[in-house]
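**Q** A single structure is presented below for examination.
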Amino acid sequence: MKLIKNTFFIFLSFLISCSTLENQMSPKCLYPKEMLEKGGIINREYTGNIDKELNKYICKDNKNSYLVYPIPYDSPSEFLLLGNKIRINKKNFRESRIVIKDKKFNEISKINLKRISEEKKIFDKYIKLITEKKYLSINFKMPSEGIISSEYGVKRFINNIPRNPHLGLDIAADKGTLIVAPENGKIVFSGNFFYRGNLLIIDHGNGIITTYSHLDEILKIKGDFVKRGQKIASIGSSGRVTGPHLHFETIVYGIKINPLIFLK
């Protein structure tokens, strides 16, 4: 009996030591490679004093520190960051012109204007979450099968009126096409928005958030943990759309960046 107990404790100690070693060896600062363009990301080792305002962009991985800075769509072509001059590559974005006939979205009522304002506050709150890392890989799984109908950065015109640029990836497919989690994470929002229709938001940790809009059926609720490849919803045409598709966004530290950076 004593031998069995000793063997058990030795085995338990071995598992704990392996787990500790794995945590020490596994990289905590796992982000996509640097891509200097609008919707891209700055990712480089950094040593020096950190400005308090930029502290959240510094990731410490064992003994090293990295500057991880998402480049917004409206970024200037040159800017200073921690004393370094950053030049981003010029990129031309195509135009997209669509027609929305539903009066609900063209002649917005006061009630819906109030709703839109409240939903923006809710959305902004969740996309700025920074929690501990939960994902396994930065090579995210494509969330659904279909045709990429609109990419990041497209200049949009709705009923010939210029609108905000398209800061996500649209995947067009038949209504009911399954959507899966591209990586491990936690559902932090599940509900319905005026423009976005049925919506899910997943927190993957380390300031990485993904959103899923215009859904048909939602299969998960707020608080659910999901694994890479797990079914979370289906493609629909809820909200302001011209047809069934998934509007998929990837957000780093509150900034919407090009999802293809993670899907490569």
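A note on labels: chains of the structure tokens are A, B, ... as shown, every chain counts residues from 1, and ligands are counted from 1 in their shown order.
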Fewer than 6 positions away in the same chain doesn't count, so skip those; otherwise give me all residues within 9 Å of Glu249 (chain A), counting only C-alpha atoms, as a PyMOL selection string.
**A** chain A and resi 152+167-170+209-213+256-259
**Q** Those selected residues, please, written with C-alpha atoms and delivered as an mmCIF file, in the first residue's frame.
**A**
data_model
loop_
_atom_site.group_PDB
_atom_site.id
_atom_site.type_symbol
_atom_site.label_atom_id
_atom_site.label_comp_id
_atom_site.auth_asym_id
_atom_site.auth_seq_id
_atom_site.Cartn_x
_atom_site.Cartn_y
_atom_site.Cartn_z
ATOM 1 C CA TYR A 152 -11.306 44.233 -45.268
ATOM 2 C CA LEU A 167 -13.665 46.466 -41.585
ATOM 3 C CA GLY A 168 -14.309 42.744 -41.656
ATOM 4 C CA LEU A 169 -14.558 39.745 -43.959
ATOM 5 C CA ASP A 170 -17.857 38.772 -45.583
ATOM 6 C CA ILE A 209 -11.827 39.344 -30.073
ATOM 7 C CA THR A 210 -13.846 37.959 -33.000
ATOM 8 C CA THR A 211 -17.410 38.932 -33.969
ATOM 9 C CA TYR A 212 -20.073 37.180 -36.074
ATOM 10 C CA SER A 213 -22.953 39.204 -37.538
ATOM 11 C CA LYS A 256 -10.475 46.057 -36.127
ATOM 12 C CA ILE A 257 -7.741 44.522 -38.261
ATOM 13 C CA ASN A 258 -7.700 42.401 -41.401
ATOM 14 C CA PRO A 259 -9.011 38.902 -40.458
#
**Q** So that I can see what lies close to Ile122 (chain A), please list as a count of residues only the residues with an atom at most 12 Å from it, counting only C-alpha atoms and leaving out residues fewer than 5 positions away in the same chain.
**A** 14
**Q** Find the residues of region 197-252 of chain A that sit at most 12 Å from region 39-55 of chain A; for each, write down the nearest two atoms and how far apart they are in Å, to one decimal. Count only C-alpha atoms. Sort by chain, then by number going up, and give it as CSV.
**A**
residue,atom,partner,partner_atom,distance
A:Glu249,CA,A:Gly39,CA,11.2
A:Thr250,CA,A:Gly39,CA,9.9
A:Ile251,CA,A:Gly39,CA,9.8
A:Val252,CA,A:Ile41,CA,9.0
**Q** The selected residues should be written to file as a compact mmCIF listing (two decimals), in the first residue's frame (atoms: C-alpha atoms).
**A**
# COMPACT_ATOMS: atom_id res chain seq x y z
CA GLU A 249 -14.36 40.65 -37.67
CA THR A 250 -11.02 40.23 -35.92
CA ILE A 251 -10.19 42.80 -33.27
CA VAL A 252 -6.90 43.31 -31.43
**Q** Quick one: everything within 6 Å of Pro72 (chain A), counting only C-alpha atoms, minus sequence neighbours fewer than 2 positions away in the same chain. Send it as a ChimeraX atom specification.
**A** /A:38-39,74-75
**Q** Between A:Phe93, A:Phe140, A:Tyr73, A:Tyr253, which has the minimum distance to Cys59 (chain A) (counting only C-alpha atoms)?
**A**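 With only C-alpha atoms as the atom set, the closest residue is A:Tyr253.
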**Q** Determine, counting only C-alpha atoms, which protein, DNA and RNA residues have an atom within 7 Å of an atom of Pro143 (chain A); residues of the same chain fewer than 2 positions away are not included. Present the result as a PyMOL selection string.
**A** chain A and resi 141+179-182
**Q** List every residue of region 31-131 of chain A that DSSP, applied to the backbone of this structure, places in helix (DSSP H, G or I), and write the result as a VMD selection string.
**A** chain A and resid 52 to 57 103 to 106 110 to 127
**Q** Just want the 7 Å neighbourhood of region 215-219 of chain A, counted on only C-alpha atoms, with same-chain residues fewer than 5 positions away dropped. Output as a list in words.
**A** Gly176, Gly197, Asn198, Leu199, Ile232, Ala233, Ser234, Ile235, Gly236, Ser237, Ser238 and Leu246 of chain A
**Q** What's the 7 Å shell around Arg97 (chain A), counting only C-alpha atoms, without same-chain residues fewer than 5 positions away, as a list in words?
**A**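 Contacts, in chain order: Arg156, Phe157, Ile158 and Asn160 of chain A.
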**Q** Could you take the residues named above and write them with C-alpha atoms, as a PDB file, in the first residue's frame?
**A**
ATOM      1  CA  ARG A 156     -18.706  51.225 -49.171  1.00  0.00           C
ATOM      2  CA  PHE A 157     -21.518  53.175 -50.791  1.00  0.00           C
ATOM      3  CA  ILE A 158     -25.071  52.354 -49.717  1.00  0.00           C
ATOM      4  CA  ASN A 160     -24.943  55.940 -53.479  1.00  0.00           C
TER       5      ASN A 160
END
**Q** Can you work out the spacing between CA of Met142 (chain A) and CA of His245 (chain A) in Å, to one decimal?
**A**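 Computed distance, CA of Met142 (chain A) to CA of His245 (chain A), equals 13.8 Å.
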**Q** Which value, in Å to one decimal, gives the distance between CA of Pro70 (chain A) and CA of Val226 (chain A)?
**A**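 Distance between the two atoms: 25.0 Å.
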